[in-house]
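Listing of data_26.pdb; format and content: PDB, C-alpha atoms.
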```
ATOM      1  CA  MET A   1      63.914  87.049  -1.652
ATOM      2  CA  LEU A   2      65.821  89.965  -3.130
ATOM      3  CA  VAL A   3      68.565  87.731  -4.559
ATOM      4  CA  GLU A   4      68.860  84.272  -6.100
ATOM      5  CA  PHE A   5      69.711  81.344  -3.819
ATOM      6  CA  GLU A   6      72.688  80.655  -6.045
ATOM      7  CA  LEU A   7      74.218  84.052  -5.189
ATOM      8  CA  ILE A   8      73.891  83.321  -1.471
ATOM      9  CA  GLU A   9      75.462  79.909  -1.999
ATOM     10  CA  ARG A  10      78.388  81.553  -3.783
ATOM     11  CA  ALA A  11      78.790  84.105  -0.977
ATOM     12  CA  ARG A  12      78.672  81.233   1.511
ATOM     13  CA  GLY A  13      81.440  79.533  -0.391
ATOM     14  CA  GLY A  14      83.712  82.555   0.135
ATOM     15  CA  ASP A  15      83.052  84.509  -3.081
ATOM     16  CA  ASP A  16      83.586  88.149  -1.975
ATOM     17  CA  SER A  17      82.008  89.648  -5.082
ATOM     18  CA  ALA A  18      78.839  87.576  -4.473
ATOM     19  CA  PHE A  19      78.840  88.792  -0.862
ATOM     20  CA  SER A  20      79.086  92.414  -2.066
ATOM     21  CA  GLN A  21      76.101  91.855  -4.345
ATOM     22  CA  VAL A  22      74.075  90.401  -1.475
ATOM     23  CA  VAL A  23      74.921  93.422   0.695
ATOM     24  CA  GLN A  24      73.965  95.839  -2.095
ATOM     25  CA  ALA A  25      70.629  94.072  -2.555
ATOM     26  CA  TYR A  26      69.679  94.088   1.154
ATOM     27  CA  ARG A  27      71.414  97.279   2.244
ATOM     28  CA  LYS A  28      68.485  99.667   1.878
ATOM     29  CA  ARG A  29      65.985  97.329   3.516
ATOM     30  CA  ILE A  30      68.249  96.492   6.437
ATOM     31  CA  LEU A  31      69.323 100.095   7.030
ATOM     32  CA  GLY A  32      65.674 101.183   7.019
ATOM     33  CA  THR A  33      64.782  98.471   9.514
ATOM     34  CA  ILE A  34      67.722  99.371  11.750
ATOM     35  CA  ALA A  35      66.745 103.042  11.648
ATOM     36  CA  ARG A  36      63.245 102.194  12.870
ATOM     37  CA  LEU A  37      64.530  99.791  15.497
ATOM     38  CA  ILE A  38      67.094 102.113  17.035
ATOM     39  CA  GLY A  39      65.429 105.436  16.182
ATOM     40  CA  ARG A  40      68.697 107.273  15.501
ATOM     41  CA  PRO A  41      69.521 107.977  11.844
ATOM     42  CA  GLU A  42      73.069 109.107  12.675
ATOM     43  CA  ASP A  43      74.065 105.660  13.973
ATOM     44  CA  VAL A  44      72.305 103.560  11.340
ATOM     45  CA  GLU A  45      75.364 103.137   9.124
ATOM     46  CA  ASP A  46      77.537 101.842  11.960
ATOM     47  CA  VAL A  47      74.948  99.329  13.128
ATOM     48  CA  GLY A  48      74.297  98.313   9.497
ATOM     49  CA  GLN A  49      77.971  97.623   8.945
ATOM     50  CA  GLU A  50      78.030  95.584  12.131
ATOM     51  CA  VAL A  51      75.122  93.482  10.796
ATOM     52  CA  PHE A  52      76.860  92.781   7.480
ATOM     53  CA  LEU A  53      80.163  92.156   9.253
ATOM     54  CA  ARG A  54      78.460  89.526  11.417
ATOM     55  CA  LEU A  55      76.815  88.140   8.301
ATOM     56  CA  TYR A  56      80.185  87.794   6.566
ATOM     57  CA  TYR A  57      81.679  85.807   9.432
ATOM     58  CA  SER A  58      78.628  83.666  10.115
ATOM     59  CA  LEU A  59      77.485  82.932   6.584
ATOM     60  CA  GLU A  60      79.139  79.532   6.537
ATOM     61  CA  GLN A  61      76.984  78.478   9.502
ATOM     62  CA  LEU A  62      73.836  79.060   7.440
ATOM     63  CA  ARG A  63      72.242  75.666   6.779
ATOM     64  CA  THR A  64      70.459  76.512   3.529
ATOM     65  CA  ALA A  65      69.963  79.598   1.402
ATOM     66  CA  GLU A  66      66.184  79.337   1.993
ATOM     67  CA  VAL A  67      66.527  80.527   5.585
ATOM     68  CA  PHE A  68      68.762  83.448   4.633
ATOM     69  CA  GLU A  69      66.237  86.249   5.239
ATOM     70  CA  PRO A  70      65.152  85.206   8.751
ATOM     71  CA  TRP A  71      68.865  84.689   9.483
ATOM     72  CA  LEU A  72      69.696  88.223   8.313
ATOM     73  CA  TYR A  73      66.804  89.657  10.338
ATOM     74  CA  ARG A  74      68.028  87.794  13.401
ATOM     75  CA  LEU A  75      71.464  89.359  12.986
ATOM     76  CA  THR A  76      69.794  92.749  12.561
ATOM     77  CA  VAL A  77      67.702  92.294  15.692
ATOM     78  CA  ASN A  78      70.746  91.219  17.707
ATOM     79  CA  ALA A  79      72.877  94.144  16.510
ATOM     80  CA  ALA A  80      70.039  96.610  17.214
ATOM     81  CA  TYR A  81      69.539  95.108  20.646
ATOM     82  CA  ASP A  82      73.252  95.386  21.452
ATOM     83  CA  TYR A  83      73.219  99.000  20.263
ATOM     84  CA  LEU A  84      70.166  99.911  22.367
ATOM     85  CA  ARG A  85      71.701  98.387  25.480
ATOM     86  CA  ARG A  86      74.986 100.233  24.912
ATOM     87  CA  GLN A  87      73.100 103.426  24.185
ATOM     88  CA  LYS A  88      71.054 103.140  27.348
ATOM     89  CA  ARG A  89      74.188 102.812  29.461
ATOM     90  CA  ARG A  90      75.882 105.700  27.638
ATOM     91  CA  GLN A  91      72.799 107.889  27.890
ATOM     92  CA  GLU A  92      72.494 107.312  31.608
ATOM     93  CA  SER A  93      76.064 108.463  32.216
ATOM     94  CA  ARG A  94      75.840 111.339  29.726
ATOM     95  CA  MET A  95      72.548 112.655  31.073
ATOM     96  CA  SER A  96      73.856 112.635  34.595
ATOM     97  CA  ASP A  97      76.665 114.964  33.451
ATOM     98  CA  LEU A  98      74.368 117.520  31.807
ATOM     99  CA  SER A  99      71.846 119.754  33.456
ATOM    100  CA  GLU A 100      68.296 119.778  32.092
ATOM    101  CA  GLN A 101      68.809 123.277  30.721
ATOM    102  CA  GLN A 102      71.890 122.224  28.777
ATOM    103  CA  VAL A 103      69.979 119.304  27.239
ATOM    104  CA  MET A 104      67.139 121.616  26.190
ATOM    105  CA  MET A 105      69.589 124.105  24.657
ATOM    106  CA  ALA A 106      71.316 121.339  22.686
ATOM    107  CA  ASP A 107      67.936 120.090  21.400
ATOM    108  CA  ALA A 108      66.876 123.596  20.377
ATOM    109  CA  ALA A 109      70.150 124.225  18.537
ATOM    110  CA  ALA A 110      69.823 120.946  16.660
ATOM    111  CA  GLY A 111      66.192 121.707  15.805
ATOM    112  CA  GLY A 112      66.974 125.126  14.387
ATOM    113  CA  LYS A 113      69.053 123.680  11.590
ATOM    114  CA  GLN A 114      66.318 121.427  10.258
ATOM    115  CA  ASN A 115      63.702 122.319   7.692
ATOM    116  CA  ALA A 116      59.961 122.033   8.343
ATOM    117  CA  GLU A 117      59.545 118.497   6.937
ATOM    118  CA  GLU A 118      62.552 117.252   8.784
ATOM    119  CA  GLN A 119      61.215 118.865  11.963
ATOM    120  CA  ARG A 120      57.868 117.110  11.518
ATOM    121  CA  ARG A 121      59.652 113.794  11.018
ATOM    122  CA  GLY A 122      61.826 114.514  14.018
ATOM    123  CA  LYS A 123      58.729 115.142  16.111
ATOM    124  CA  VAL A 124      57.194 111.829  15.040
ATOM    125  CA  ARG A 125      60.444 110.039  15.865
ATOM    126  CA  GLU A 126      60.621 111.681  19.268
ATOM    127  CA  GLN A 127      57.009 110.826  20.007
ATOM    128  CA  VAL A 128      57.414 107.165  19.066
ATOM    129  CA  GLU A 129      60.766 107.018  20.878
ATOM    130  CA  ALA A 130      59.106 108.309  24.033
ATOM    131  CA  LEU A 131      56.304 105.749  23.721
ATOM    132  CA  LEU A 132      58.686 102.855  23.144
ATOM    133  CA  GLU A 133      60.556 103.762  26.306
ATOM    134  CA  HIS A 134      57.648 102.226  28.199
ATOM    135  CA  VAL A 135      58.694  98.727  27.128
ATOM    136  CA  SER A 136      61.961  96.791  27.385
ATOM    137  CA  GLU A 137      64.525  96.819  24.555
ATOM    138  CA  GLU A 138      63.470  93.290  23.518
ATOM    139  CA  ASP A 139      59.790  94.241  23.381
ATOM    140  CA  ARG A 140      60.580  97.481  21.611
ATOM    141  CA  ILE A 141      62.312  95.558  18.825
ATOM    142  CA  LEU A 142      59.567  92.944  18.610
ATOM    143  CA  LEU A 143      56.826  95.560  18.540
ATOM    144  CA  THR A 144      58.640  97.640  15.917
ATOM    145  CA  LEU A 145      59.142  94.632  13.671
ATOM    146  CA  LYS A 146      55.439  93.806  13.883
ATOM    147  CA  GLU A 147      53.772  97.197  14.002
ATOM    148  CA  VAL A 148      56.164  99.398  12.062
ATOM    149  CA  GLU A 149      57.975  96.993   9.738
ATOM    150  CA  GLY A 150      54.774  95.029   9.170
ATOM    151  CA  LEU A 151      56.317  91.563   9.544
ATOM    152  CA  SER A 152      53.827  88.724   9.956
ATOM    153  CA  LEU A 153      53.709  86.427  12.975
ATOM    154  CA  LYS A 154      55.003  83.590  10.774
ATOM    155  CA  GLU A 155      58.022  85.663   9.826
ATOM    156  CA  LEU A 156      58.621  86.641  13.442
ATOM    157  CA  GLU A 157      58.342  82.984  14.438
ATOM    158  CA  LYS A 158      61.190  82.143  12.048
ATOM    159  CA  ILE A 159      63.325  85.040  13.272
ATOM    160  CA  TYR A 160      62.839  84.433  16.982
ATOM    161  CA  ARG A 161      62.418  80.628  16.826
ATOM    162  CA  VAL A 162      59.598  80.974  19.327
ATOM    163  CA  ASN A 163      56.057  79.697  18.801
ATOM    164  CA  GLU A 164      53.370  82.037  17.548
ATOM    165  CA  ASN A 165      51.292  82.043  20.728
ATOM    166  CA  ALA A 166      54.203  83.171  22.888
ATOM    167  CA  LEU A 167      54.877  85.979  20.438
ATOM    168  CA  LYS A 168      51.213  86.992  20.384
ATOM    169  CA  VAL A 169      51.106  87.267  24.170
ATOM    170  CA  ARG A 170      54.293  89.282  24.296
ATOM    171  CA  LEU A 171      53.176  91.571  21.496
ATOM    172  CA  PHE A 172      49.791  92.118  23.083
ATOM    173  CA  ARG A 173      51.321  93.107  26.415
ATOM    174  CA  ALA A 174      53.856  95.412  24.799
ATOM    175  CA  ARG A 175      51.194  97.081  22.668
ATOM    176  CA  GLN A 176      48.930  97.574  25.665
ATOM    177  CA  ARG A 177      51.738  99.327  27.526
ATOM    178  CA  VAL A 178      52.509 101.579  24.593
ATOM    179  CA  LEU A 179      48.820 102.255  24.046
ATOM    180  CA  LYS A 180      48.388 103.233  27.674
ATOM    181  CA  ALA A 181      51.312 105.661  27.400
ATOM    182  CA  TYR A 182      49.878 106.990  24.143
ATOM    183  CA  GLY A 183      46.463 107.500  25.753
ATOM    184  CA  ALA A 184      48.118 109.477  28.524
ATOM    185  CA  THR A 185      49.924 111.767  26.043
ATOM    186  CA  GLU A 186      46.703 112.225  24.048
ATOM    187  CA  GLY A 187      44.954 113.230  27.243
ATOM    188  CA  LYS A 188      47.715 115.734  27.956
ATOM    189  CA  ASP A 189      47.508 117.179  24.436
ATOM    190  CA  THR A 190      43.740 117.682  24.579
ATOM    191  CA  ALA A 191      43.782 119.112  28.094
TER
ATOM    192  CA  MET B   1      46.254  95.608   7.538
ATOM    193  CA  GLU B   2      42.505  94.934   7.760
ATOM    194  CA  ARG B   3      43.087  93.045  10.977
ATOM    195  CA  ARG B   4      45.143  95.911  12.278
ATOM    196  CA  MET B   5      42.289  98.328  11.563
ATOM    197  CA  ASP B   6      39.798  95.995  13.322
ATOM    198  CA  ARG B   7      42.078  95.849  16.313
ATOM    199  CA  GLY B   8      42.392  99.610  16.198
ATOM    200  CA  MET B   9      38.587  99.866  16.376
ATOM    201  CA  ASP B  10      38.513  97.408  19.327
ATOM    202  CA  GLU B  11      41.003  99.553  21.153
ATOM    203  CA  GLY B  12      39.058 102.681  20.354
ATOM    204  CA  GLY B  13      40.349 105.845  18.735
ATOM    205  CA  SER B  14      43.688 105.591  20.498
ATOM    206  CA  GLY B  15      44.467 102.297  18.771
ATOM    207  CA  THR B  16      43.756 103.741  15.332
ATOM    208  CA  ASN B  17      45.785 106.854  16.078
ATOM    209  CA  LEU B  18      48.661 104.752  17.343
ATOM    210  CA  ASP B  19      48.636 102.707  14.126
ATOM    211  CA  ALA B  20      48.703 105.943  12.122
ATOM    212  CA  LEU B  21      51.598 107.190  14.221
ATOM    213  CA  PHE B  22      53.511 103.946  13.598
ATOM    214  CA  ALA B  23      52.888 104.340   9.857
ATOM    215  CA  GLU B  24      54.258 107.887  10.008
ATOM    216  CA  TYR B  25      57.222 106.620  11.978
ATOM    217  CA  HIS B  26      57.881 104.083   9.209
ATOM    218  CA  ASN B  27      57.912 106.866   6.618
ATOM    219  CA  ALA B  28      60.082 109.104   8.781
ATOM    220  CA  PHE B  29      62.997 106.754   8.093
ATOM    221  CA  SER B  30      62.532 106.113   4.404
ATOM    222  CA  ASP B  31      65.380 106.347   1.875
ATOM    223  CA  ILE B  32      68.225 105.479   4.178
ATOM    224  CA  ASP B  33      70.875 103.985   1.967
ATOM    225  CA  GLY B  34      74.112 104.636   3.842
ATOM    226  CA  GLY B  35      76.767 106.906   2.409
ATOM    227  CA  ALA B  36      78.975 106.340  -0.620
ATOM    228  CA  ASN B  37      81.614 104.943   1.740
ATOM    229  CA  PHE B  38      79.336 102.258   3.108
ATOM    230  CA  MET B  39      80.879  99.391   1.127
ATOM    231  CA  PRO B  40      84.541 100.520   1.398
ATOM    232  CA  ASN B  41      84.118 100.984   5.158
ATOM    233  CA  LEU B  42      82.453  97.588   5.466
ATOM    234  CA  TRP B  43      85.323  95.859   3.649
ATOM    235  CA  GLN B  44      87.798  97.746   5.832
ATOM    236  CA  LYS B  45      86.070  96.415   8.937
ATOM    237  CA  ILE B  46      85.990  92.883   7.503
ATOM    238  CA  GLU B  47      89.728  93.058   6.795
ATOM    239  CA  ALA B  48      90.477  94.511  10.234
ATOM    240  CA  ARG B  49      88.545  91.664  11.896
ATOM    241  CA  ARG B  50      90.360  89.115   9.736
ATOM    242  CA  MET B  51      93.775  90.552  10.658
ATOM    243  CA  GLU B  52      92.774  90.606  14.308
ATOM    244  CA  SER B  53      91.861  86.911  14.271
ATOM    245  CA  VAL B  54      95.069  86.046  12.354
ATOM    246  CA  SER B  55      97.186  87.895  14.923
ATOM    247  CA  VAL B  56      95.349  86.129  17.748
ATOM    248  CA  PHE B  57      96.205  82.739  16.175
ATOM    249  CA  ARG B  58      99.790  83.864  15.601
ATOM    250  CA  ARG B  59     100.107  84.907  19.231
ATOM    251  CA  LEU B  60      98.577  81.621  20.327
ATOM    252  CA  ALA B  61     101.077  79.703  18.171
ATOM    253  CA  GLN B  62     103.968  81.717  19.633
ATOM    254  CA  VAL B  63     102.782  80.973  23.145
ATOM    255  CA  CYS B  64     102.568  77.248  22.309
ATOM    256  CA  VAL B  65     106.107  77.199  20.858
ATOM    257  CA  LEU B  66     107.511  79.032  23.880
ATOM    258  CA  ALA B  67     105.700  76.735  26.293
ATOM    259  CA  THR B  68     107.009  73.642  24.482
ATOM    260  CA  ALA B  69     110.589  74.962  24.529
ATOM    261  CA  ALA B  70     110.339  75.819  28.226
ATOM    262  CA  LEU B  71     108.938  72.359  29.021
ATOM    263  CA  THR B  72     111.755  70.659  27.061
ATOM    264  CA  VAL B  73     114.426  72.626  28.929
ATOM    265  CA  ALA B  74     112.721  71.919  32.248
ATOM    266  CA  MET B  75     112.578  68.194  31.482
ATOM    267  CA  ALA B  76     116.236  68.171  30.388
ATOM    268  CA  ILE B  77     117.233  69.706  33.732
ATOM    269  CA  LEU B  78     114.843  67.882  36.049
ATOM    270  CA  ILE B  79     114.920  64.294  34.748
ATOM    271  CA  PRO B  80     118.629  63.624  35.472
ATOM    272  CA  ARG B  81     118.176  65.123  38.952
ATOM    273  CA  ILE B  82     115.160  62.941  39.744
ATOM    274  CA  GLN B  83     116.898  59.778  38.517
ATOM    275  CA  THR B  84     119.870  59.840  40.914
ATOM    276  CA  GLU B  85     119.596  56.105  41.569
ATOM    277  CA  PRO B  86     120.230  54.112  38.379
ATOM    278  CA  VAL B  87     117.566  51.532  37.606
ATOM    279  CA  TYR B  88     120.102  48.858  36.591
ATOM    280  CA  THR B  89     123.061  48.271  38.892
ATOM    281  CA  ALA B  90     124.703  45.762  36.583
ATOM    282  CA  THR B  91     125.232  45.731  32.846
ATOM    283  CA  TYR B  92     123.583  43.179  30.560
ATOM    284  CA  VAL B  93     126.906  41.341  30.176
ATOM    285  CA  ASP B  94     127.356  41.095  33.959
ATOM    286  CA  VAL B  95     123.885  39.601  34.379
ATOM    287  CA  LEU B  96     124.498  37.136  31.525
ATOM    288  CA  ASP B  97     127.827  36.153  33.007
ATOM    289  CA  ALA B  98     126.304  35.519  36.424
ATOM    290  CA  ALA B  99     123.558  33.335  34.933
ATOM    291  CA  HIS B 100     126.081  31.415  32.826
ATOM    292  CA  SER B 101     128.312  30.665  35.807
ATOM    293  CA  VAL B 102     125.326  29.108  37.651
ATOM    294  CA  ASP B 103     124.613  26.875  34.606
ATOM    295  CA  SER B 104     128.262  25.739  34.523
ATOM    296  CA  ALA B 105     128.188  24.833  38.184
ATOM    297  CA  GLN B 106     125.072  22.735  37.649
ATOM    298  CA  LEU B 107     126.708  20.980  34.704
ATOM    299  CA  MET B 108     129.717  20.230  36.850
ATOM    300  CA  ASP B 109     127.490  18.758  39.558
ATOM    301  CA  SER B 110     125.552  16.478  37.209
ATOM    302  CA  GLY B 111     128.617  15.129  35.461
ATOM    303  CA  ASP B 112     130.477  13.624  38.425
ATOM    304  CA  LEU B 113     133.807  12.300  37.170
ATOM    305  CA  GLN B 114     134.655  10.322  40.261
TER
END
```
Since I need it in another form, could you write the structure as C-alpha cells?
Amino acid sequence: MLVEFELIERARGGDDSAFSQVVQAYRKRILGTIARLIGRPEDVEDVGQEVFLRLYYSLEQLRTAEVFEPWLYRLTVNAAYDYLRRQKRRQESRMSDLSEQQVMMADAAAGGKQNAEEQRRGKVREQVEALLEHVSEEDRILLTLKEVEGLSLKELEKIYRVNENALKVRLFRARQRVLKAYGATEGKDTA
Amino acid sequence: MERRMDRGMDEGGSGTNLDALFAEYHNAFSDIDGGANFMPNLWQKIEARRMESVSVFRRLAQVCVLATAALTVAMAILIPRIQTEPVYTATYVDVLDAAHSVDSAQLMDSGDLQ
C-alpha cells in the first residue's frame, strides 16, 4: 500500500484533502499502468483523470480500506477498456477516411520530430501494439497486467474476481496467440 | 521472474524474446506523471460532474412539482364533472326527521286512548 488505511478512510468520509493525497500517491503508478494498457502516451492523462474521477464518486462503496488497491486497479482496467473500445471505433472510421499513403506520411512526419531514444521506444511500442492486436481488448488488458505490469495471479484474482484457473487458461491462450504473431514477425525479420 | 524464464525456455527462443520485448515495453512508458495541471483539471472535472448531477436532481424536482400541480388542477376540474349525481339526496336533518316521525306513529299506536 502506498498510503495508510486511515487516509483512505478519511477520503471515503468525504475529506477532499485526503483524496488529493491519495491521488498524488497513486498517480504515477496508475498513469504508468494506463500508458502500458492503452499504448498511447498522449491520452494517458485523460484516462487517468477518468479513473480518479470514478474513484472519487465510488469511494463510498468501498467496503474496507484493505481492498483499495484491487478496487483502484479494477477502475483502471475498466477505464482502459472503455478507452480501447472507443478508440477502436474511432480508428475504424478515421482510417476509412485516409488513404494508406496519407497515413504513412503522417507517421513519417511524426517520427521526424523525435530523437533517437524516443524513436527506439516508439518502435517497441508499435511492435507490442501490433502484437496485442491479435487478441481481444479484454485479453490485451489481462495479458499486459500479467506480462508487462508483473501482477501476480493472486492480485489478478482480486481485481477480476475470477478464480485463478480461469485466469490461467485465458492468459495461456492469449499468450499463445501473441507468441504465434511474434514468431511470424521474427520469421519475417530474419528472412 | 524465474518461472517466466522457465516458461520462456519451454516456448523456445521466441518466448524469451517476447518476455524481453515486454520488459522493454514496460520501460518505454516510464516516468509518466501527468502534467502540472493534472490535479486542477481533475478537480474541475469532479466539480463539473457534481454540478451536472445537482442540475439533474433540480430538473427532476421541477418536473415533479409541475406534474403535481397539473394533477391537482385536473382533479379540481374532473371530480365535480364526474360526480353529477349527489350521493345523498336528503340532508341529515331530513333523514332524522323521517325516522322520528315513524317512532311517533308507533308510540301513538301502542298507547291507544280509546
Contacts between chain B and chain A, please, where a residue of chain A counts if it comes within 8 Å (with all atoms listed in the file); show its shortest atom pair and distance in Å to one decimal, rows by chain and ascending number, as a tab-separated table.
```
residue	atom	partner	partner_atom	distance
A:Ser20	CA	B:Met39	CA	7.9
A:Arg27	CA	B:Asp33	CA	6.7
A:Lys28	CA	B:Asp33	CA	4.9
A:Leu31	CA	B:Ile32	CA	6.2
A:Gly32	CA	B:Ile32	CA	5.7
A:Ala35	CA	B:Phe29	CA	6.4
A:Arg36	CA	B:Phe29	CA	6.6
A:Pro41	CA	B:Phe29	CA	7.6
A:Val44	CA	B:Gly34	CA	7.8
A:Glu45	CA	B:Gly34	CA	5.6
A:Gln49	CA	B:Leu42	CA	5.7
A:Phe52	CA	B:Leu42	CA	7.6
A:Leu53	CA	B:Ile46	CA	6.1
A:Tyr56	CA	B:Ile46	CA	7.8
A:Arg121	CA	B:Ala28	CA	5.2
A:Gly122	CA	B:Ala28	CA	7.7
A:Val124	CA	B:Tyr25	CA	6.0
A:Arg125	CA	B:Tyr25	CA	6.1
A:Val128	CA	B:Tyr25	CA	7.1
A:Glu147	CA	B:Phe22	CA	6.8
A:Val148	CA	B:Phe22	CA	5.5
A:Glu149	CA	B:His26	CA	7.1
A:Leu179	CA	B:Gly15	CA	6.8
A:Tyr182	CA	B:Leu18	CA	7.3
A:Gly183	CA	B:Ser14	CA	6.2
```
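Atom CA of Ile38 of chain A is positioned 9.9 Å from atom CA of Val77 of chain A.
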Between atom CA of Asp43 of chain A and atom CA of Lys88 of chain A, what is the spacing in Å?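 Atom CA of Lys88 of chain A sits 13.9 Å away from atom CA of Asp43 of chain A.
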What's the separation between atom CA of Ala79 of chain A and atom CA of Ala181 of chain A, in Å to one decimal place?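 Separation of atom CA of Ala79 of chain A and atom CA of Ala181 of chain A: 26.8 Å.
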The PyMOL selection byres ((chain A and resi 80) around 8) on the file shown: which residues, as a list in words?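 Selected by the PyMOL selection byres ((chain A and resi 80) around 8) here: Ile34, Leu37, Ile38, Val47, Thr76, Val77, Asn78, Ala79, Tyr81, Asp82, Tyr83, Leu84 and Ile141 of chain A.
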Got a sec to resolve the PyMOL selection byres ((chain A and resi 67) around 12) on this structure and send the residues as a list of chain:residue names?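 Here the PyMOL selection byres ((chain A and resi 67) around 12) matches A:Met1, A:Phe5, A:Ile8, A:Glu9, A:Leu59, A:Gln61, A:Leu62, A:Arg63, A:Thr64, A:Ala65, A:Glu66, A:Phe68, A:Glu69, A:Pro70, A:Trp71, A:Leu72, A:Tyr73, A:Arg74, A:Glu155, A:Lys158, A:Ile159, A:Arg161.
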